[in-house]
Structure formats: C-alpha cells, structure tokens
file input_15.cif (mmCIF, C-alpha atoms)
data_protein
loop_
_atom_site.label_atom_id
_atom_site.label_comp_id
_atom_site.auth_asym_id
_atom_site.auth_seq_id
_atom_site.Cartn_x
_atom_site.Cartn_y
_atom_site.Cartn_z
CA MET A 21 -93.19 -68.98 74.54
CA ILE A 22 -91.07 -66.84 72.25
CA ASN A 23 -92.98 -64.56 69.98
CA ILE A 24 -91.19 -65.13 66.66
CA SER A 25 -93.00 -62.25 65.06
CA LYS A 26 -91.15 -59.81 67.35
CA ILE A 27 -87.58 -61.07 66.47
CA LYS A 28 -85.81 -58.60 64.18
CA GLY A 29 -83.08 -59.69 61.72
CA LEU A 30 -80.32 -57.64 60.10
CA THR A 31 -81.21 -55.62 57.10
CA LEU A 32 -79.27 -55.89 53.86
CA ILE A 33 -77.84 -52.42 54.40
CA GLU A 34 -76.57 -53.35 57.87
CA ILE A 35 -74.95 -56.50 56.49
CA LEU A 36 -73.27 -54.50 53.72
CA VAL A 37 -72.02 -51.90 56.20
CA ALA A 38 -70.63 -54.64 58.43
CA LEU A 39 -68.92 -56.28 55.47
CA VAL A 40 -67.38 -52.95 54.37
CA ILE A 41 -66.09 -52.31 57.88
CA SER A 42 -64.69 -55.85 58.05
CA PHE A 43 -63.00 -55.49 54.68
CA LEU A 44 -61.49 -52.16 55.68
CA ALA A 45 -60.18 -53.64 58.90
CA LEU A 46 -58.78 -56.67 57.08
CA GLY A 47 -57.21 -54.38 54.45
CA ALA A 48 -55.54 -52.31 57.15
CA LEU A 49 -54.27 -55.44 58.85
CA TYR A 50 -53.00 -56.79 55.52
CA GLU A 51 -51.18 -53.54 54.74
CA SER A 52 -49.63 -53.62 58.20
CA TYR A 53 -48.59 -57.22 57.62
CA LEU A 54 -47.02 -56.32 54.26
CA ALA A 55 -45.20 -53.38 55.82
CA ILE A 56 -43.81 -55.62 58.56
CA LEU A 57 -42.85 -58.26 55.99
CA ARG A 58 -41.10 -55.67 53.82
CA ALA A 59 -39.25 -54.27 56.82
CA LYS A 60 -38.22 -57.78 57.84
CA LYS A 61 -36.88 -58.55 54.36
CA GLN A 62 -35.09 -55.21 54.22
CA GLN A 63 -33.41 -55.81 57.57
CA GLU A 64 -32.39 -59.29 56.47
CA LYS A 65 -30.80 -57.90 53.31
CA ILE A 66 -29.07 -55.13 55.28
CA ALA A 67 -27.65 -57.71 57.69
CA GLU A 68 -26.52 -59.82 54.73
CA THR A 69 -24.85 -56.80 53.13
CA ASN A 70 -23.13 -55.80 56.37
CA PHE A 71 -21.71 -59.31 56.74
CA GLN A 72 -20.40 -59.18 53.15
CA VAL A 73 -18.83 -55.78 53.82
CA LEU A 74 -17.00 -57.09 56.88
CA MET A 75 -15.67 -60.07 54.93
CA ALA A 76 -14.57 -57.91 51.98
CA LEU A 77 -12.78 -55.45 54.25
CA GLU A 78 -11.01 -58.30 56.05
CA PHE A 79 -9.75 -59.67 52.70
CA LEU A 80 -8.49 -56.21 51.73
CA ARG A 81 -6.88 -55.55 55.11
CA LYS A 82 -5.04 -58.88 55.19
CA ASP A 83 -3.73 -58.63 51.62
CA ILE A 84 -2.57 -55.02 52.00
CA GLU A 85 -0.86 -55.63 55.33
CA LEU A 86 1.03 -58.58 53.82
CA ALA A 87 1.94 -56.79 50.56
CA GLY A 88 5.64 -57.36 49.94
CA PHE A 89 5.94 -60.32 52.34
CA GLY A 90 8.54 -62.74 50.93
CA MET A 91 9.17 -60.40 47.98
CA PRO A 92 12.69 -59.67 46.67
CA ARG A 93 14.10 -56.14 46.88
CA ASP A 94 16.67 -56.99 44.25
CA ILE A 95 17.23 -59.62 41.58
CA SER A 96 20.49 -61.56 41.80
CA ILE A 97 19.58 -64.08 39.11
CA SER A 98 20.98 -63.35 35.67
CA ASN A 99 18.57 -63.53 32.73
CA LEU A 100 15.59 -63.94 35.04
CA THR A 101 12.36 -64.57 33.11
CA TYR A 102 8.90 -65.24 34.44
CA GLU A 103 5.29 -64.61 33.48
CA GLU A 104 2.28 -63.19 35.27
CA ALA A 105 -1.30 -62.75 34.07
CA ILE A 106 -2.58 -63.43 30.57
CA SER A 107 -4.79 -60.90 28.78
CA SER A 108 -8.58 -60.90 28.97
CA SER A 109 -11.29 -58.99 27.16
CA THR A 110 -12.18 -56.47 29.88
CA CYS A 111 -10.14 -55.00 32.74
CA SER A 112 -7.22 -57.10 31.53
CA PRO A 113 -4.84 -57.96 34.40
CA ASP A 114 -1.81 -58.24 32.12
CA TYR A 115 -1.69 -54.43 31.98
CA PHE A 116 -0.03 -54.56 35.41
CA ASN A 117 2.45 -57.37 34.68
CA SER A 118 5.98 -56.75 35.93
CA SER A 119 8.95 -56.41 33.64
CA THR A 120 10.89 -59.64 34.09
CA ASN A 121 14.27 -57.88 34.08
CA SER A 122 13.46 -55.71 37.09
CA THR A 123 12.28 -56.14 40.65
CA PRO A 124 8.47 -56.56 40.83
CA LYS A 125 6.42 -53.99 42.72
CA PRO A 126 4.62 -55.19 45.85
CA ILE A 127 1.67 -52.89 44.99
CA ASP A 128 0.28 -51.63 41.70
CA LEU A 129 -2.62 -49.24 41.30
CA GLY A 130 -4.51 -48.06 38.23
CA GLY A 131 -6.80 -45.07 38.68
CA ASN A 132 -10.22 -45.60 37.04
CA TYR A 133 -8.79 -48.43 34.97
CA CYS A 134 -11.83 -50.70 35.24
CA ASN A 135 -15.54 -49.76 35.04
CA ASN A 136 -14.90 -46.19 36.22
CA SER A 137 -13.22 -47.55 39.34
CA ASP A 138 -9.69 -48.28 40.47
CA TYR A 139 -7.74 -51.52 40.03
CA LEU A 140 -5.55 -52.71 42.92
CA VAL A 141 -2.76 -55.29 42.61
CA ILE A 142 -1.07 -56.89 45.64
CA ARG A 143 2.01 -59.10 45.37
CA SER A 144 3.43 -61.19 48.20
CA SER A 145 4.30 -64.77 48.98
CA ALA A 146 1.16 -64.98 51.14
CA ALA A 147 -1.44 -63.74 48.60
CA ASN A 148 -2.87 -67.19 47.96
CA LEU A 149 -5.80 -68.41 50.00
CA ASP A 150 -6.09 -71.76 48.25
CA LYS A 151 -2.72 -73.24 49.18
CA ASN A 152 -1.17 -74.12 52.53
CA THR A 153 2.23 -73.51 50.91
CA SER A 154 1.83 -69.74 51.08
CA ARG A 155 1.58 -70.00 54.87
CA LYS A 156 5.02 -71.63 55.20
CA TRP A 157 8.40 -69.96 55.58
CA ALA A 158 11.76 -70.98 56.99
CA TYR A 159 15.47 -70.24 57.05
CA THR A 160 18.25 -72.54 55.94
CA TYR A 161 21.94 -72.70 56.82
CA TYR A 162 24.95 -74.94 56.25
CA ASP A 163 25.90 -76.87 59.39
CA GLY A 164 29.14 -78.37 58.09
CA SER A 165 27.63 -81.49 56.60
CA GLY A 166 24.60 -80.19 54.72
CA TRP A 167 21.88 -77.56 54.46
CA ARG A 168 19.41 -77.59 57.33
CA ILE A 169 15.92 -76.04 57.19
CA THR A 170 14.30 -74.54 60.28
CA SER A 171 10.62 -73.69 59.97
CA LEU A 172 9.52 -70.26 61.18
CA GLY A 173 5.82 -71.01 60.90
CA THR A 174 3.49 -73.69 62.20
CA LEU A 175 3.71 -75.78 59.02
CA ASP A 176 6.66 -77.65 57.56
CA PHE A 177 7.43 -77.82 53.85
CA SER A 178 6.26 -80.88 51.94
CA THR A 179 7.80 -82.54 48.89
CA ASN A 180 5.65 -80.69 46.35
CA ASP A 181 6.03 -77.19 47.84
CA ARG A 182 7.81 -74.66 45.62
CA CYS A 183 9.76 -71.77 47.12
CA VAL A 184 11.70 -68.60 46.53
CA ALA A 185 15.01 -68.05 48.31
CA LEU A 186 16.21 -64.65 49.54
CA ASP A 187 19.49 -63.75 51.17
CA HIS A 188 19.79 -61.40 54.16
CA GLN A 189 19.75 -58.40 51.76
CA LYS A 190 16.38 -59.62 50.41
CA SER A 191 17.90 -60.38 47.01
CA LEU A 192 16.27 -63.16 45.03
CA ILE A 193 18.91 -65.84 44.56
CA ASN A 194 16.71 -68.78 43.48
CA TRP A 195 13.07 -69.65 42.78
CA ASN A 196 10.78 -72.39 41.48
CA PHE A 197 12.58 -75.16 43.35
CA SER A 198 11.38 -77.82 45.76
CA CYS A 199 11.55 -76.22 49.20
CA ASN A 200 13.07 -79.32 50.81
CA ASN A 201 15.86 -79.55 48.23
CA PHE A 202 17.69 -76.25 48.55
CA SER A 203 21.47 -75.82 48.38
CA GLY A 204 22.97 -72.37 48.73
CA SER A 205 26.03 -71.11 46.89
CA ASN A 206 27.59 -69.55 50.00
CA ILE A 207 27.96 -71.81 53.02
CA SER A 208 28.47 -68.84 55.34
CA GLU A 209 25.12 -67.26 54.31
CA ILE A 210 21.73 -67.78 55.93
CA TYR A 211 18.99 -67.97 53.31
CA TYR A 212 15.28 -67.46 53.80
CA LEU A 213 12.72 -69.64 52.08
CA PHE A 214 9.16 -68.52 51.38
CA GLY A 215 6.55 -71.01 50.19
CA ILE A 216 4.64 -69.88 47.09
CA ASN A 217 2.71 -72.76 45.56
CA ASP A 218 2.47 -76.55 45.54
CA SER A 219 3.21 -76.86 41.81
CA PRO A 220 5.71 -75.26 39.37
CA LEU A 221 5.75 -71.48 39.62
CA ARG A 222 4.84 -69.01 36.92
CA MET A 223 6.26 -66.07 38.90
CA PRO A 224 8.42 -65.73 42.05
CA PHE A 225 5.48 -64.49 44.15
CA ASN A 226 1.71 -64.75 44.46
CA ARG A 227 -0.54 -62.03 43.13
CA VAL A 228 -4.09 -60.96 43.92
CA ASP A 229 -6.12 -58.25 42.14
CA TYR A 230 -9.16 -56.24 43.31
CA PHE A 231 -11.53 -54.78 40.73
CA LEU A 232 -15.18 -54.17 39.83
CA LYS A 233 -16.86 -56.32 37.21
CA LYS A 234 -20.38 -56.91 35.95
CA PRO A 235 -21.19 -60.61 36.37
CA SER A 236 -23.40 -62.54 33.98
CA SER A 237 -26.22 -62.15 36.49
CA LEU A 238 -26.36 -59.66 39.33
CA PRO A 239 -28.20 -60.65 42.51
CA TYR A 240 -31.87 -59.68 42.10
CA ARG A 241 -31.73 -57.10 44.88
CA CYS A 242 -28.91 -55.11 43.23
CA TYR A 243 -29.56 -52.05 41.12
CA GLN A 244 -28.54 -52.94 37.57
CA ALA A 245 -26.01 -50.09 37.31
CA THR A 246 -23.91 -51.61 40.10
CA TYR A 247 -21.10 -54.17 39.95
CA GLU A 248 -19.54 -56.83 42.11
CA LEU A 249 -16.19 -56.37 43.83
CA TYR A 250 -13.93 -59.26 42.88
CA ARG A 251 -10.79 -60.69 44.43
CA GLY A 252 -8.83 -62.44 41.71
CA GLU A 253 -5.80 -64.69 42.26
CA ILE A 254 -3.41 -65.11 39.31
CA GLN A 255 -2.96 -68.82 38.70
CA HIS A 256 0.54 -70.27 38.43
CA SER A 257 -0.68 -73.01 36.10
CA ASN A 258 -1.83 -70.79 33.22
CA GLY A 259 -1.81 -67.10 34.20
CA ASP A 260 -5.59 -66.92 34.28
CA VAL A 261 -7.47 -65.14 37.06
CA ASN A 262 -9.41 -67.18 39.60
CA GLU A 263 -12.16 -64.62 40.29
CA GLN A 264 -14.22 -64.69 43.46
CA PRO A 265 -16.93 -62.06 44.14
CA ILE A 266 -16.62 -60.73 47.67
CA LEU A 267 -19.17 -57.88 47.74
CA ASP A 268 -22.41 -57.37 45.79
CA CYS A 269 -24.09 -54.18 44.57
CA VAL A 270 -20.97 -51.97 44.48
CA LEU A 271 -21.21 -48.62 42.71
CA SER A 272 -17.61 -47.41 43.07
CA PHE A 273 -14.24 -48.71 44.29
CA GLN A 274 -11.58 -46.04 44.80
CA VAL A 275 -8.05 -46.31 46.17
CA ILE A 276 -5.46 -43.69 47.09
CA VAL A 277 -1.94 -44.32 48.37
CA GLY A 278 -0.12 -42.19 50.93
CA ARG A 279 3.63 -41.80 50.29
CA ASP A 280 6.61 -40.50 52.23
CA THR A 281 8.84 -39.12 49.48
CA ASN A 282 11.61 -37.59 51.65
CA ASN A 283 12.08 -40.35 54.25
CA ASP A 284 10.91 -38.35 57.27
CA ASN A 285 8.12 -40.80 58.22
CA ILE A 286 5.46 -38.25 57.28
CA ILE A 287 3.11 -38.76 54.34
CA ASP A 288 3.66 -35.85 51.96
CA ALA A 289 2.16 -37.14 48.69
CA TRP A 290 -0.93 -39.06 47.62
CA SER A 291 -1.21 -41.11 44.42
CA LYS A 292 -4.00 -42.87 42.54
CA ASP A 293 -1.60 -44.36 40.02
CA LEU A 294 1.76 -46.03 40.73
CA SER A 295 2.82 -46.77 37.16
CA SER A 296 5.56 -44.11 37.20
CA LEU A 297 7.19 -45.48 40.37
CA SER A 298 9.86 -48.17 40.52
CA ALA A 299 9.61 -51.18 42.83
CA THR A 300 12.20 -49.58 45.11
CA GLN A 301 10.13 -46.40 45.37
CA VAL A 302 6.99 -48.37 46.20
CA PHE A 303 8.82 -50.32 48.91
CA GLU A 304 10.36 -47.19 50.41
CA GLU A 305 7.59 -44.63 50.03
CA VAL A 306 4.18 -46.29 50.45
CA LYS A 307 2.98 -45.89 54.05
CA GLU A 308 -0.81 -46.07 53.85
CA ILE A 309 -3.53 -47.26 51.50
CA ASP A 310 -7.01 -45.77 51.79
CA ILE A 311 -9.97 -47.66 50.29
CA TYR A 312 -13.37 -46.10 49.52
CA ILE A 313 -16.33 -48.29 48.57
CA ILE A 314 -19.81 -47.05 47.67
CA TYR A 315 -22.32 -49.86 47.82
CA GLN A 316 -26.05 -50.49 48.04
CA GLU A 317 -27.32 -51.51 51.45
CA GLY A 318 -30.39 -53.74 51.47
CA GLN A 319 -32.89 -53.78 48.63
CA ARG A 320 -35.03 -51.24 46.79
CA GLU A 321 -37.37 -49.11 48.88
CA ARG A 322 -40.87 -48.18 47.71
CA LYS A 323 -40.15 -44.50 48.28
CA GLU A 324 -37.07 -42.34 47.86
CA VAL A 325 -34.71 -42.72 50.80
CA PHE A 326 -31.62 -40.94 49.49
CA ASP A 327 -31.71 -37.15 49.38
CA SER A 328 -28.84 -36.38 46.99
CA ASP A 329 -27.83 -37.10 43.41
CA ILE A 330 -24.16 -37.62 44.31
CA ILE A 331 -21.88 -39.00 46.97
CA ARG A 332 -18.66 -37.07 47.36
CA ILE A 333 -15.47 -38.96 48.21
CA ASN A 334 -13.03 -36.60 49.90
CA TYR A 335 -9.39 -37.68 49.64
CA PRO A 336 -6.66 -36.75 52.16
CA ASP A 337 -4.90 -34.49 49.62
CA GLY A 338 -7.93 -32.21 49.28
CA THR A 339 -9.14 -33.65 45.97
CA TYR A 340 -12.48 -35.41 45.62
CA ASP A 341 -14.64 -37.53 43.34
CA ASP A 342 -18.36 -36.95 42.90
CA ILE A 343 -20.08 -40.27 42.25
CA ASN A 344 -23.52 -40.02 40.65
CA ILE A 345 -26.29 -41.94 42.36
CA PRO A 346 -28.41 -43.83 39.78
CA SER A 347 -31.53 -44.09 41.96
CA LYS A 348 -32.75 -42.51 45.19
CA ASN A 349 -34.84 -45.56 46.06
CA TYR A 350 -31.81 -47.35 47.46
CA ARG A 351 -29.72 -46.82 50.58
CA TRP A 352 -26.23 -45.94 49.32
CA LYS A 353 -23.37 -46.23 51.79
CA LEU A 354 -19.80 -44.96 51.64
CA ILE A 355 -17.27 -46.89 53.67
CA GLU A 356 -13.61 -46.00 54.11
CA ILE A 357 -10.74 -48.04 55.52
CA LYS A 358 -7.13 -47.02 56.09
CA VAL A 359 -4.56 -49.82 56.02
CA LYS A 360 -0.83 -49.67 56.70
CA PRO A 361 1.24 -52.23 54.76
CA PHE A 362 3.50 -53.73 57.44
CA ASN A 363 5.89 -55.59 55.14
CA LEU A 364 7.26 -52.72 53.06
CA GLU A 365 9.65 -51.41 55.71
CA ASP A 366 13.29 -51.85 54.70
CA ILE A 367 14.29 -54.20 57.52
CA LYS A 368 17.07 -56.62 56.67
CA LEU A 369 16.39 -60.30 57.23
#

call {"tool": "encode", "arguments": {"input": "input_15.cif", "output": "structure tokens"}}
result
Amino acid sequence: MINISKIKGLTLIEILVALVISFLALGALYESYLAILRAKKQQEKIAETNFQVLMALEFLRKDIELAGFGMPRDISISNLTYEEAISSSTCSPDYFNSSTNSTPKPIDLGGNYCNNSDYLVIRSSAANLDKNTSRKWAYTYYDGSGWRITSLGTLDFSTNDRCVALDHQKSLINWNFSCNNFSGSNISEIYYLFGINDSPLRMPFNRVDYFLKKPSSLPYRCYQATYELYRGEIQHSNGDVNEQPILDCVLSFQVIVGRDTNNDNIIDAWSKDLSSLSATQVFEEVKEIDIYIIYQEGQRERKEVFDSDIIRINYPDGTYDDINIPSKNYRWKLIEIKVKPFNLEDIKL
C-alpha cells in the first residue's frame, strides 16, 4: 500500500517560481516571434518597394529613349495653332507649354520647379500608354492612281486614328487628320505618318510629365514628409493631366541633362533647366539624361538605421545637392539611372 502521508506536494513558492520561469520563457518566445514578424513585414515592404522602383525606372527609360519619336524638326504649316496642358493649382504643367508658332521641344526640364524637386517633360508620338494609336506608324506614297499607306509597325491604322504627317526633312506638313485619309501635296514625296490618338488632337504629339506630388493620402508606411512620383499624360480631350503614381515614399527627384554643345559627340555641358534652349538645340545637343531618386525602402524601424542627416547627390559636372533626411528610423536609398535618348539624332527619314 502507498503511504499517503509520505507524498510531498509542491509548495506555493515552488509554484510561483515555476510560473515566473514559464512567463519569462513565454515572454522571450513572444518577443522572438514579434521580431520575426517585424522582419517578415519589413522584407515584404522592401520587396514591394523594389518592384515599384523597377517599374518606375522602366517607365522613365522607355519615355526618355523615345523622346522626339515622330516629332517635327520644323513647322511647314502656316498659322499653326495648338494647345497643350491647362493650368492647375500646384506644379502647373502649363508652365512648360510650347509656343504654337515654333517647333516644340522633345524634352523640357525645370530645376526644383515642384516640391523642391525637378519636373521632367517628354514629348513624342509614343508617349501615350492608353492608346494603341501611339504604337502605329507608316509611310505613304503616290503610286500613280492614289496614295498608298504601308505600315511600319505591327498594327494598321483604323478609321478613328489621328495622325501627324512629316516629310523626309521631318517637317510637319499636316496633323489632326484621319490616318487612313491622307493626301499629300507633292506626288513625288514620301510622307511619314505617326499615330497620336484615337480622337481629335489637341497638339501634334503626345506628352508625359514626371513630378513629385503629395497625394490626399500617403500609404501608411511612408514618412509624412515624402511624396509620390507621378507620371502624368496630357489629355487631348481637355488638356488635363491623367496622373498615375508610379513610386511611393519619394523624398527627392532630380534630373540633369548632358549636352554636346560643339558637335564633337562628347558631352561638354550639363543642365538642370532647358528653358533657355530652342527645340533645335535640344534635338542637336542632348545626349544623356541622368535621373536621381531618393526614396524610402520598407517601413519605419524601431531603432535608427541611417547614420547621416543628409544624402549627397553628386552630379557629373562636379556640383551636388545635399538632401536633408527627415528621420533616421527609415532606410533611405539613392538610385541613379543614365538614359540616352535614341530619337534625337538628326537622321533624315
């Protein structure tokens, strides 16, 4: 038989000690779990940011490389009038509108024009992601009985497509007409047609702007002193800007343009403002566009992870900008891309 009187139980102190040890162990496990969870969320946000960066850079690269595509080098139309962007309350795009009695620039750039950052304007027939028309181009010639159109792309013009027509000197000789109903004035000339839009044109090109803007509500992970980088297409219907955010949590957007001013194929000048240049100078001189973006990677850290109050942007001409960092509890990244605009070379059609 078991002698019950000799069985010893746990004392209250032993139970309390065991409970304290258990709570400490559970607390340590919980802290480890929270640390793993925070690291997981941070890595997810970093991956999300990196994907956004790649997409934004691809937009910029494509638009810059195609700057000037289907754009006239000269205006052969008398009394040409057209409109571009309408004014808005902040960072108004109409500041960069072309003069309608001169050739439009393929690129415009305003240094620190918008929210302490630069404002980039790209003009080309292809700067329109919403319409298939901007991906169509062709040449037309007179075959003795009528004007024939030969497509140079994978898509043919439709009835509603509106075009510009350039001659072999890249002079604008007609615009805002139905692409399938073109008749040239010189039957010995070959004309080139570039699709612009599928409705009446406001301007003989498409235009896209890049700028920083504070949206009505920033994503929760963004530091409140940051902005969003927008890509805005100027609408042919009303001149308004169709704005699309392409990168969150951006602190600074800076652009500098490399120019060859003496036609020796060597960049000898750098500019952050192109307002003093003519369209001809932009076409002939611009050889490279460098983009610098400072953005927040991931979300806020519990401790300081950035060891400086500034990020210095060093430009190729030896100048620099010091950008103040609003908080050291975020991972701030500087990314730079160099893009060569392929469609500014003076090659006759």

call {"tool": "resolve_selection", "arguments": {"input": "input_15.cif", "expression": "the PyMOL selection byres ((chain A and resi 76-83) around 9)", "output": "ChimeraX atom specification"}}
result
/A:71-75,84-87,142-144,146-147,228,230,249,251,266-267,311,357-361

call {"tool": "atom_distance", "arguments": {"input": "input_15.cif", "atom1": "CA of Ser118 (chain A)", "atom2": "CA of Pro92 (chain A)"}}
result
13.0 Å

call {"tool": "resolve_selection", "arguments": {"input": "input_15.cif", "expression": "the PyMOL selection byres ((chain A and resi 365) around 12)", "output": "ChimeraX atom specification"}}
result
/A:85-89,91,93,126,190,280,283,285,300-308,360-364,366-369

call {"tool": "resolve_selection", "arguments": {"input": "input_15.cif", "expression": "the PyMOL selection byres ((chain A and resi 345-352) around 6)", "output": "VMD selection string"}}
result
chain A and resid 315 to 317 320 to 321 323 to 326 329 to 330 344 353

call {"tool": "write_last_selection", "arguments": {"input": "input_15.cif", "atoms": "C-alpha atoms", "output": "PDB file, keeping the file's coordinate frame"}}
result
ATOM      1  CA  TYR A 315     -22.320 -49.860  47.820  1.00  0.00           C
ATOM      2  CA  GLN A 316     -26.050 -50.490  48.040  1.00  0.00           C
ATOM      3  CA  GLU A 317     -27.320 -51.510  51.450  1.00  0.00           C
ATOM      4  CA  ARG A 320     -35.030 -51.240  46.790  1.00  0.00           C
ATOM      5  CA  GLU A 321     -37.370 -49.110  48.880  1.00  0.00           C
ATOM      6  CA  LYS A 323     -40.150 -44.500  48.280  1.00  0.00           C
ATOM      7  CA  GLU A 324     -37.070 -42.340  47.860  1.00  0.00           C
ATOM      8  CA  VAL A 325     -34.710 -42.720  50.800  1.00  0.00           C
ATOM      9  CA  PHE A 326     -31.620 -40.940  49.490  1.00  0.00           C
ATOM     10  CA  ASP A 329     -27.830 -37.100  43.410  1.00  0.00           C
ATOM     11  CA  ILE A 330     -24.160 -37.620  44.310  1.00  0.00           C
ATOM     12  CA  ASN A 344     -23.520 -40.020  40.650  1.00  0.00           C
ATOM     13  CA  LYS A 353     -23.370 -46.230  51.790  1.00  0.00           C
TER      14      LYS A 353
END

call {"tool": "residues_around", "arguments": {"input": "input_15.cif", "residues": "Ile95 (chain A)", "least_positions_apart": "4", "cutoff": "10 Å", "atoms": "all atoms listed in the file", "output": "JSON, numbers by chain"}}
result
{"A": [99, 100, 120, 121, 122, 123, 124, 186, 190, 191, 192, 193, 194]}

call {"tool": "residues_near_point", "arguments": {"input": "input_15.cif", "point": "(7.8, -74.1, 58.4)", "cutoff": "9 Å", "atoms": "all atoms listed in the file", "output": "PyMOL selection string"}}
result
chain A and resi 155-159+169-177+215

call {"tool": "write_last_selection", "arguments": {"input": "input_15.cif", "atoms": "C-alpha atoms", "output": "compact mmCIF listing (two decimals), in the coordinates of the input"}}
result
# COMPACT_ATOMS: atom_id res chain seq x y z
CA ARG A 155 1.58 -70.00 54.87
CA LYS A 156 5.02 -71.63 55.20
CA TRP A 157 8.40 -69.96 55.58
CA ALA A 158 11.76 -70.98 56.99
CA TYR A 159 15.47 -70.24 57.05
CA ILE A 169 15.92 -76.04 57.19
CA THR A 170 14.30 -74.54 60.28
CA SER A 171 10.62 -73.69 59.97
CA LEU A 172 9.52 -70.26 61.18
CA GLY A 173 5.82 -71.01 60.90
CA THR A 174 3.49 -73.69 62.20
CA LEU A 175 3.71 -75.78 59.02
CA ASP A 176 6.66 -77.65 57.56
CA PHE A 177 7.43 -77.82 53.85
CA GLY A 215 6.55 -71.01 50.19

call {"tool": "atom_distance", "arguments": {"input": "input_15.cif", "atom1": "CA of Cys183 (chain A)", "atom2": "CA of Tyr102 (chain A)"}}
result
14.3 Å

call {"tool": "build_atoms", "arguments": {"input": "input_15.cif", "residues": "region 202-218 of chain A", "atoms": "N, CA, C and O atoms", "output": "PDB file, in the coordinates of the input"}}
result
ATOM      1  N   PHE A 202      16.960 -77.487  48.831  1.00  0.00           N
ATOM      2  CA  PHE A 202      17.690 -76.250  48.550  1.00  0.00           C
ATOM      3  C   PHE A 202      19.155 -76.401  48.942  1.00  0.00           C
ATOM      4  O   PHE A 202      19.481 -76.954  49.996  1.00  0.00           O
ATOM      5  N   SER A 203      20.040 -75.887  48.070  1.00  0.00           N
ATOM      6  CA  SER A 203      21.470 -75.820  48.380  1.00  0.00           C
ATOM      7  C   SER A 203      21.964 -74.434  48.010  1.00  0.00           C
ATOM      8  O   SER A 203      21.856 -74.021  46.843  1.00  0.00           O
ATOM      9  N   GLY A 204      22.491 -73.706  48.988  1.00  0.00           N
ATOM     10  CA  GLY A 204      22.970 -72.370  48.730  1.00  0.00           C
ATOM     11  C   GLY A 204      24.353 -72.350  48.108  1.00  0.00           C
ATOM     12  O   GLY A 204      25.099 -73.339  48.172  1.00  0.00           O
ATOM     13  N   SER A 205      24.714 -71.241  47.518  1.00  0.00           N
ATOM     14  CA  SER A 205      26.030 -71.110  46.890  1.00  0.00           C
ATOM     15  C   SER A 205      27.083 -70.602  47.856  1.00  0.00           C
ATOM     16  O   SER A 205      28.277 -70.683  47.580  1.00  0.00           O
ATOM     17  N   ASN A 206      26.657 -70.108  49.011  1.00  0.00           N
ATOM     18  CA  ASN A 206      27.590 -69.550  50.000  1.00  0.00           C
ATOM     19  C   ASN A 206      27.309 -70.216  51.344  1.00  0.00           C
ATOM     20  O   ASN A 206      26.271 -69.968  51.963  1.00  0.00           O
ATOM     21  N   ILE A 207      28.217 -71.048  51.795  1.00  0.00           N
ATOM     22  CA  ILE A 207      27.960 -71.810  53.020  1.00  0.00           C
ATOM     23  C   ILE A 207      27.991 -70.950  54.274  1.00  0.00           C
ATOM     24  O   ILE A 207      27.585 -71.398  55.354  1.00  0.00           O
ATOM     25  N   SER A 208      28.462 -69.726  54.176  1.00  0.00           N
ATOM     26  CA  SER A 208      28.470 -68.840  55.340  1.00  0.00           C
ATOM     27  C   SER A 208      27.215 -67.956  55.387  1.00  0.00           C
ATOM     28  O   SER A 208      27.049 -67.174  56.318  1.00  0.00           O
ATOM     29  N   GLU A 209      26.330 -68.087  54.411  1.00  0.00           N
ATOM     30  CA  GLU A 209      25.120 -67.260  54.310  1.00  0.00           C
ATOM     31  C   GLU A 209      23.926 -68.007  54.907  1.00  0.00           C
ATOM     32  O   GLU A 209      23.837 -69.241  54.844  1.00  0.00           O
ATOM     33  N   ILE A 210      23.032 -67.248  55.528  1.00  0.00           N
ATOM     34  CA  ILE A 210      21.730 -67.780  55.930  1.00  0.00           C
ATOM     35  C   ILE A 210      20.717 -67.328  54.885  1.00  0.00           C
ATOM     36  O   ILE A 210      20.600 -66.137  54.599  1.00  0.00           O
ATOM     37  N   TYR A 211      19.989 -68.283  54.320  1.00  0.00           N
ATOM     38  CA  TYR A 211      18.990 -67.970  53.310  1.00  0.00           C
ATOM     39  C   TYR A 211      17.586 -68.158  53.888  1.00  0.00           C
ATOM     40  O   TYR A 211      17.373 -68.987  54.779  1.00  0.00           O
ATOM     41  N   TYR A 212      16.661 -67.401  53.326  1.00  0.00           N
ATOM     42  CA  TYR A 212      15.280 -67.460  53.800  1.00  0.00           C
ATOM     43  C   TYR A 212      14.395 -67.998  52.684  1.00  0.00           C
ATOM     44  O   TYR A 212      14.472 -67.548  51.536  1.00  0.00           O
ATOM     45  N   LEU A 213      13.588 -68.961  53.031  1.00  0.00           N
ATOM     46  CA  LEU A 213      12.720 -69.640  52.080  1.00  0.00           C
ATOM     47  C   LEU A 213      11.267 -69.244  52.342  1.00  0.00           C
ATOM     48  O   LEU A 213      10.799 -69.295  53.483  1.00  0.00           O
ATOM     49  N   PHE A 214      10.569 -68.870  51.282  1.00  0.00           N
ATOM     50  CA  PHE A 214       9.160 -68.520  51.380  1.00  0.00           C
ATOM     51  C   PHE A 214       8.362 -69.423  50.445  1.00  0.00           C
ATOM     52  O   PHE A 214       8.624 -69.471  49.241  1.00  0.00           O
ATOM     53  N   GLY A 215       7.400 -70.153  51.003  1.00  0.00           N
ATOM     54  CA  GLY A 215       6.550 -71.010  50.190  1.00  0.00           C
ATOM     55  C   GLY A 215       5.626 -70.191  49.299  1.00  0.00           C
ATOM     56  O   GLY A 215       5.026 -69.211  49.747  1.00  0.00           O
ATOM     57  N   ILE A 216       5.492 -70.590  48.046  1.00  0.00           N
ATOM     58  CA  ILE A 216       4.640 -69.880  47.090  1.00  0.00           C
ATOM     59  C   ILE A 216       3.464 -70.730  46.643  1.00  0.00           C
ATOM     60  O   ILE A 216       2.305 -70.344  46.779  1.00  0.00           O
ATOM     61  N   ASN A 217       3.762 -71.927  46.136  1.00  0.00           N
ATOM     62  CA  ASN A 217       2.710 -72.760  45.560  1.00  0.00           C
ATOM     63  C   ASN A 217       3.112 -74.220  45.672  1.00  0.00           C
ATOM     64  O   ASN A 217       4.279 -74.534  45.934  1.00  0.00           O
ATOM     65  N   ASP A 218       2.145 -75.122  45.443  1.00  0.00           N
ATOM     66  CA  ASP A 218       2.470 -76.550  45.540  1.00  0.00           C
ATOM     67  C   ASP A 218       2.642 -77.190  44.162  1.00  0.00           C
ATOM     68  O   ASP A 218       2.520 -78.402  44.016  1.00  0.00           O
TER      69      ASP A 218
END
